[in-house]
file coords_36.cif (mmCIF, C-alpha atoms and all ligand atoms)
data_final
#
loop_
_atom_site.label_atom_id
_atom_site.label_comp_id
_atom_site.auth_asym_id
_atom_site.auth_seq_id
_atom_site.Cartn_x
_atom_site.Cartn_y
_atom_site.Cartn_z
CA MET I 1 -192.81 24.02 127.04
CA GLY I 2 -196.06 25.47 128.47
CA ALA I 3 -199.43 25.54 126.69
CA ASP I 4 -198.91 29.19 125.68
CA ASP I 5 -195.48 28.45 124.24
CA TYR I 6 -196.92 25.52 122.33
CA GLU I 7 -199.70 27.68 120.95
CA SER I 8 -197.36 30.44 119.82
CA ALA I 9 -194.96 27.92 118.23
CA GLU I 10 -197.92 26.45 116.35
CA LEU I 11 -199.11 29.91 115.28
CA GLY I 12 -195.56 30.64 114.11
CA ARG I 13 -195.50 27.55 111.91
CA VAL I 14 -198.86 28.43 110.37
CA SER I 15 -197.72 32.02 109.66
CA VAL I 16 -194.47 30.84 108.05
CA ALA I 17 -196.34 28.33 105.86
CA ARG I 18 -198.75 31.05 104.75
CA LEU I 19 -195.88 33.41 103.93
CA ILE I 20 -194.10 30.74 101.84
CA MET I 21 -197.32 30.00 99.95
CA GLY I 22 -197.73 33.70 99.25
CA LEU I 23 -194.16 33.96 97.92
CA ARG I 24 -194.76 31.00 95.61
CA ALA I 25 -197.99 32.61 94.39
CA GLN I 26 -195.98 35.76 93.58
CA GLY I 27 -193.61 33.73 91.41
CA ILE I 28 -190.71 32.82 93.69
CA ARG I 29 -189.66 29.37 92.43
CA ASP I 30 -186.17 28.71 93.77
CA ALA I 31 -186.61 25.94 96.37
CA ARG I 32 -183.33 26.80 98.13
CA VAL I 33 -184.45 30.42 98.56
CA LEU I 34 -187.88 29.42 99.88
CA LYS I 35 -186.25 26.96 102.28
CA ALA I 36 -183.87 29.64 103.59
CA ILE I 37 -186.78 32.00 104.22
CA GLU I 38 -188.68 29.23 105.93
CA THR I 39 -185.69 28.53 108.19
CA VAL I 40 -184.74 32.04 109.34
CA PRO I 41 -187.10 33.30 112.11
CA ARG I 42 -188.05 36.79 110.85
CA ASN I 43 -189.83 37.51 114.16
CA GLN I 44 -186.37 37.65 115.78
CA PHE I 45 -185.26 40.44 113.43
CA VAL I 46 -188.00 42.95 114.32
CA GLU I 47 -188.83 44.87 117.48
CA GLU I 48 -190.92 42.98 120.03
CA SER I 49 -193.90 45.25 119.28
CA TYR I 50 -193.91 44.17 115.61
CA ALA I 51 -193.35 40.44 116.24
CA GLU I 52 -196.97 39.63 115.43
CA LEU I 53 -196.56 41.16 111.97
CA ALA I 54 -193.23 39.44 111.30
CA TYR I 55 -194.70 36.92 108.85
CA ASP I 56 -196.87 39.37 106.96
CA ASP I 57 -195.47 40.16 103.54
CA ARG I 58 -194.58 43.76 104.36
CA SER I 59 -191.62 45.89 105.33
CA LEU I 60 -191.50 47.01 108.96
CA PRO I 61 -189.76 49.87 110.78
CA ILE I 62 -186.50 49.11 112.62
CA GLN I 63 -184.28 51.44 114.68
CA CYS I 64 -182.51 54.53 113.28
CA GLY I 65 -185.47 55.31 110.98
CA GLN I 66 -184.68 52.35 108.71
CA THR I 67 -186.75 49.34 107.56
CA ILE I 68 -186.53 45.57 107.29
CA SER I 69 -187.44 44.76 103.68
CA GLN I 70 -190.64 43.03 102.65
CA PRO I 71 -190.18 39.22 102.49
CA PHE I 72 -191.14 39.15 98.79
CA ILE I 73 -188.35 41.62 98.02
CA VAL I 74 -185.84 39.61 100.09
CA ALA I 75 -186.91 36.44 98.24
CA TYR I 76 -186.86 38.13 94.81
CA MET I 77 -183.46 39.77 95.25
CA THR I 78 -181.98 36.56 96.65
CA GLU I 79 -183.39 34.55 93.72
CA MET I 80 -181.97 37.06 91.21
CA LEU I 81 -178.50 36.71 92.78
CA LYS I 82 -178.39 32.97 91.95
CA VAL I 83 -176.33 32.33 95.07
CA SER I 84 -174.36 29.08 95.18
CA ASP I 85 -172.92 27.43 98.29
CA ARG I 86 -169.41 28.38 97.15
CA ASP I 87 -170.17 32.09 96.80
CA LYS I 88 -168.67 34.97 98.74
CA VAL I 89 -171.40 37.59 98.96
CA LEU I 90 -171.24 41.28 99.91
CA GLU I 91 -174.33 42.99 101.34
CA ILE I 92 -174.61 46.76 101.67
CA GLY I 93 -177.12 47.80 104.37
CA THR I 94 -177.17 45.20 107.17
CA GLY I 95 -180.21 46.84 108.81
CA SER I 96 -181.94 44.19 110.91
CA GLY I 97 -179.57 41.46 109.74
CA TYR I 98 -182.41 39.43 108.22
CA GLN I 99 -181.26 39.45 104.59
CA ALA I 100 -177.72 38.56 105.72
CA ALA I 101 -179.07 35.59 107.72
CA VAL I 102 -181.07 34.36 104.70
CA LEU I 103 -178.00 34.65 102.44
CA ALA I 104 -175.86 32.87 105.04
CA LYS I 105 -177.99 29.75 104.57
CA LEU I 106 -177.21 29.75 100.85
CA CYS I 107 -173.56 30.72 100.40
CA ARG I 108 -170.06 30.24 101.79
CA ARG I 109 -169.69 33.61 103.51
CA VAL I 110 -171.57 36.90 103.75
CA TYR I 111 -169.79 40.21 104.32
CA THR I 112 -172.24 42.89 105.38
CA ILE I 113 -171.76 46.63 105.93
CA GLU I 114 -174.00 49.03 107.88
CA ARG I 115 -173.50 52.78 108.44
CA TYR I 116 -175.29 52.83 111.85
CA ARG I 117 -173.32 51.24 114.71
CA THR I 118 -176.57 50.59 116.65
CA LEU I 119 -178.06 48.51 113.84
CA HIS I 120 -174.75 46.74 113.18
CA LYS I 121 -174.45 45.65 116.83
CA ILE I 122 -178.02 44.39 117.18
CA ALA I 123 -177.86 42.53 113.86
CA GLU I 124 -174.52 40.92 114.68
CA GLN I 125 -175.88 39.68 118.03
CA ARG I 126 -179.05 38.25 116.48
CA ILE I 127 -177.08 36.38 113.84
CA LYS I 128 -174.74 34.99 116.52
CA ASP I 129 -177.70 33.96 118.71
CA LEU I 130 -179.08 31.91 115.81
CA GLY I 131 -175.79 30.01 115.59
CA ILE I 132 -175.00 31.41 112.13
CA SER I 133 -171.22 31.59 111.85
CA ASN I 134 -170.56 32.55 108.22
CA VAL I 135 -171.48 36.25 108.42
CA THR I 136 -168.82 38.93 108.90
CA ALA I 137 -170.25 42.37 109.69
CA MET I 138 -168.72 45.83 109.93
CA VAL I 139 -169.66 49.47 110.38
CA GLY I 140 -168.68 51.58 107.40
CA ASP I 141 -169.65 53.24 104.16
CA GLY I 142 -170.91 50.45 101.96
CA MET I 143 -170.74 52.65 98.88
CA LYS I 144 -166.98 52.03 98.97
CA GLY I 145 -167.50 48.27 99.25
CA TRP I 146 -165.07 46.10 101.22
CA PRO I 147 -161.79 46.26 99.25
CA ALA I 148 -159.87 43.99 101.64
CA GLN I 149 -162.29 41.13 100.92
CA ALA I 150 -162.88 41.81 97.21
CA PRO I 151 -163.59 40.43 94.69
CA PHE I 152 -167.07 39.07 95.42
CA ASP I 153 -169.16 36.54 93.49
CA LYS I 154 -172.32 38.46 94.29
CA ILE I 155 -173.23 41.89 95.70
CA ILE I 156 -176.63 42.88 97.08
CA VAL I 157 -177.44 46.48 97.92
CA THR I 158 -180.51 46.94 100.15
CA ALA I 159 -180.79 50.75 99.99
CA ALA I 160 -181.56 52.83 96.89
CA ALA I 161 -178.66 54.43 95.00
CA ASP I 162 -178.88 57.46 92.68
CA GLU I 163 -176.53 55.60 90.41
CA ILE I 164 -174.64 52.33 90.57
CA PRO I 165 -171.46 52.93 92.63
CA GLN I 166 -168.35 52.26 90.51
CA ASP I 167 -166.45 50.91 93.56
CA LEU I 168 -169.02 48.12 93.83
CA ILE I 169 -168.80 47.21 90.14
CA ASP I 170 -165.00 47.09 90.52
CA GLN I 171 -165.31 44.64 93.43
CA LEU I 172 -167.47 42.19 91.49
CA LYS I 173 -165.83 39.15 89.84
CA VAL I 174 -166.20 38.83 86.07
CA GLY I 175 -169.45 36.89 85.64
CA GLY I 176 -170.55 38.05 89.09
CA ILE I 177 -174.02 39.50 89.74
CA MET I 178 -175.07 42.60 91.67
CA VAL I 179 -178.69 43.38 92.55
CA ILE I 180 -179.30 47.02 93.49
CA PRO I 181 -182.27 49.40 93.71
CA VAL I 182 -181.66 52.58 91.70
CA GLY I 183 -183.70 55.78 91.85
CA PRO I 184 -184.54 58.83 93.99
CA VAL I 185 -185.94 58.66 97.55
CA GLY I 186 -189.73 58.54 97.40
CA GLY I 187 -189.56 58.57 93.60
CA VAL I 188 -189.56 55.81 91.02
CA GLN I 189 -186.95 53.21 91.86
CA PHE I 190 -186.14 50.07 89.92
CA LEU I 191 -184.26 47.02 90.98
CA HIS I 192 -181.32 46.52 88.63
CA ARG I 193 -179.34 43.38 87.89
CA VAL I 194 -175.77 44.12 86.95
CA VAL I 195 -173.57 41.38 85.48
CA ARG I 196 -169.86 42.14 85.40
CA THR I 197 -168.25 41.41 82.04
CA GLU I 198 -164.58 41.38 80.92
CA ASP I 199 -164.72 44.95 79.71
CA GLY I 200 -167.60 46.51 81.64
CA TYR I 201 -171.02 45.40 82.75
CA GLN I 202 -174.49 44.54 81.51
CA ASP I 203 -177.37 46.29 83.30
CA ASP I 204 -181.05 45.25 83.30
CA ALA I 205 -183.96 46.92 85.11
CA LEU I 206 -186.21 44.34 86.78
CA ILE I 207 -189.17 45.56 88.90
CA GLY I 208 -190.32 48.77 90.58
CA VAL I 209 -189.41 48.97 94.30
CA ARG I 210 -189.30 51.37 97.26
CA PHE I 211 -186.22 51.45 99.46
CA VAL I 212 -184.66 53.80 102.02
CA PRO I 213 -181.77 55.73 100.45
CA LEU I 214 -178.15 54.68 100.25
CA VAL I 215 -176.40 57.48 102.17
CA PRO I 216 -172.67 58.11 101.78
CA GLY I 217 -170.36 57.92 104.81
CA LYS I 218 -170.67 56.35 108.25
CA ALA I 219 -173.56 57.68 110.36
CA GLU I 220 -172.35 60.54 112.62
CA GLN I 221 -174.38 59.42 115.62
CA LEU I 222 -175.51 56.00 116.84
N1 LIG I 301 -180.98 44.34 104.49
C1 LIG I 301 -181.69 44.98 105.56
C2 LIG I 301 -182.49 46.17 105.04
C3 LIG I 301 -182.12 47.39 105.79
S1 LIG I 301 -182.66 48.95 105.15
C4 LIG I 301 -182.53 44.01 106.34
O1 LIG I 301 -182.61 42.83 105.96
O2 LIG I 301 -183.11 44.38 107.37
C5 LIG I 301 -181.18 49.57 104.42
C6 LIG I 301 -180.01 49.79 105.35
O3 LIG I 301 -178.97 50.36 104.57
C7 LIG I 301 -180.27 50.77 106.50
O4 LIG I 301 -180.03 50.15 107.71
C8 LIG I 301 -179.26 51.90 106.23
O5 LIG I 301 -178.73 52.47 107.40
C9 LIG I 301 -178.20 51.19 105.42
N2 LIG I 301 -177.35 52.06 104.60
C10 LIG I 301 -177.70 53.15 103.86
N3 LIG I 301 -176.63 53.68 103.26
C11 LIG I 301 -175.56 52.90 103.62
C12 LIG I 301 -174.16 52.95 103.33
N4 LIG I 301 -173.61 53.89 102.54
N5 LIG I 301 -173.37 52.00 103.87
C13 LIG I 301 -173.87 51.03 104.67
N6 LIG I 301 -175.18 50.95 104.99
C14 LIG I 301 -176.02 51.86 104.48
#
call {"tool": "encode", "arguments": {"input": "coords_36.cif", "output": "structure tokens"}}
result
Amino acid sequence: MGADDYESAELGRVSVARLIMGLRAQGIRDARVLKAIETVPRNQFVEESYAELAYDDRSLPIQCGQTISQPFIVAYMTEMLKVSDRDKVLEIGTGSGYQAAVLAKLCRRVYTIERYRTLHKIAEQRIKDLGISNVTAMVGDGMKGWPAQAPFDKIIVTAAADEIPQDLIDQLKVGGIMVIPVGPVGGVQFLHRVVRTEDGYQDDALIGVRFVPLVPGKAEQL
């Protein structure tokens, strides 16, 4: 390792530590979640040109006009899911693959769906390069869920829906939790926590958020 490499590794550690402190200050308490965020190198999930900003608590642009979520939002949504190491988790909106990698540290298996083939491929490669082997990814319309793998203990949707898709509720186990942003593009969106019950579901609004929209169907191009 050369002097430059050493310096950048050191800078990386300092940036990660600062990010974790910031997340704690914003109320993230779950030690397992904080550890997972500390472990997954977010700089490897953004374009080279944004690598320096990778540990700032902000969302960043990725390909296909999409975004990698802000670390606080990743931490908050993951905490709200109460993921256990036995859980089978479905993610809608693979994007950069970062959220899937964080979840993979905390559960048995992550199934993740992306509508852009380009994003799916890059994310899958990154996850593989990190030696993470409990993520299964596919290209498809996440609004329909993943019936062949249902039911899921937890579902996380990382794009904003106009309303909670019934197919996703149907694929949640009784007692299972779904976290999903609901609201119009550019308008007021709230993160919702949905808990599946025997005869329906319980729905709570949590915090205001801003996400790219959940768009039906596979992307035509890319
Ligand atoms: N979880 C991602 C955030 C990506 S942004 C990360 O950690 O980086 C949301 C993603 O949802 C975008 O990549 C978008 O293409 C995808 N998306 C939107 N609608 C979708 C749908 N119906 N099915 C699957 N993916 C969808």
call {"tool": "residues_near_ligand", "arguments": {"input": "coords_36.cif", "ligand": "ligand LIG 301 (chain I)", "cutoff": "8 Å", "atoms": "all atoms listed in the file", "output": "JSON, numbers by chain"}}
result
{"I": [45, 62, 64, 66, 67, 68, 69, 74, 91, 92, 93, 94, 95, 96, 97, 98, 99, 100, 113, 114, 115, 116, 119, 139, 140, 141, 142, 143, 144, 157, 158, 159, 160, 211, 212, 213, 214, 215, 216, 217, 218, 219]}
call {"tool": "atom_distance", "arguments": {"input": "coords_36.cif", "atom1": "CA of Leu90 in chain I", "atom2": "CA of His120 in chain I"}}
result
14.8 Å
call {"tool": "residues_around", "arguments": {"input": "coords_36.cif", "residues": "range 167-183 of chain I", "least_positions_apart": "2", "cutoff": "8 Å", "atoms": "only C-alpha atoms", "output": "ChimeraX atom specification"}}
result
/I:77,80-81,143-147,150-165,185,187-198,201,209,211
call {"tool": "residues_around", "arguments": {"input": "coords_36.cif", "residues": "Ile28 in chain I", "least_positions_apart": "6", "cutoff": "10 Å", "atoms": "all atoms listed in the file", "output": "ChimeraX atom specification"}}
result
/I:20-22,34,72,75-76,78-79
call {"tool": "closest_residue", "arguments": {"input": "coords_36.cif", "among": "I:Ala137, I:Leu103, I:Ile207, I:Leu53", "to": "Arg117 in chain I", "atoms": "all atoms listed in the file"}}
result
I:Ala137
call {"tool": "atom_distance", "arguments": {"input": "coords_36.cif", "atom1": "CA of Arg109 in chain I", "atom2": "CA of Asp56 in chain I"}}
result
28.0 Å
call {"tool": "atom_distance", "arguments": {"input": "coords_36.cif", "atom1": "CA of Ala17 in chain I", "atom2": "CA of Tyr50 in chain I"}}
result
18.8 Å
call {"tool": "closest_residue", "arguments": {"input": "coords_36.cif", "among": "I:Val89, I:Ala205, I:Leu19, I:Leu60", "to": "Glu48 in chain I", "atoms": "all atoms listed in the file"}}
result
I:Leu60
call {"tool": "closest_residue", "arguments": {"input": "coords_36.cif", "among": "I:Gln125, I:Gln44, I:Gly12, I:Lys88", "to": "Tyr111 in chain I", "atoms": "all atoms listed in the file"}}
result
I:Lys88
call {"tool": "closest_residue", "arguments": {"input": "coords_36.cif", "among": "I:Arg210, I:Arg42, I:Arg86, I:Arg58", "to": "Leu130 in chain I", "atoms": "all atoms listed in the file"}}
result
I:Arg42
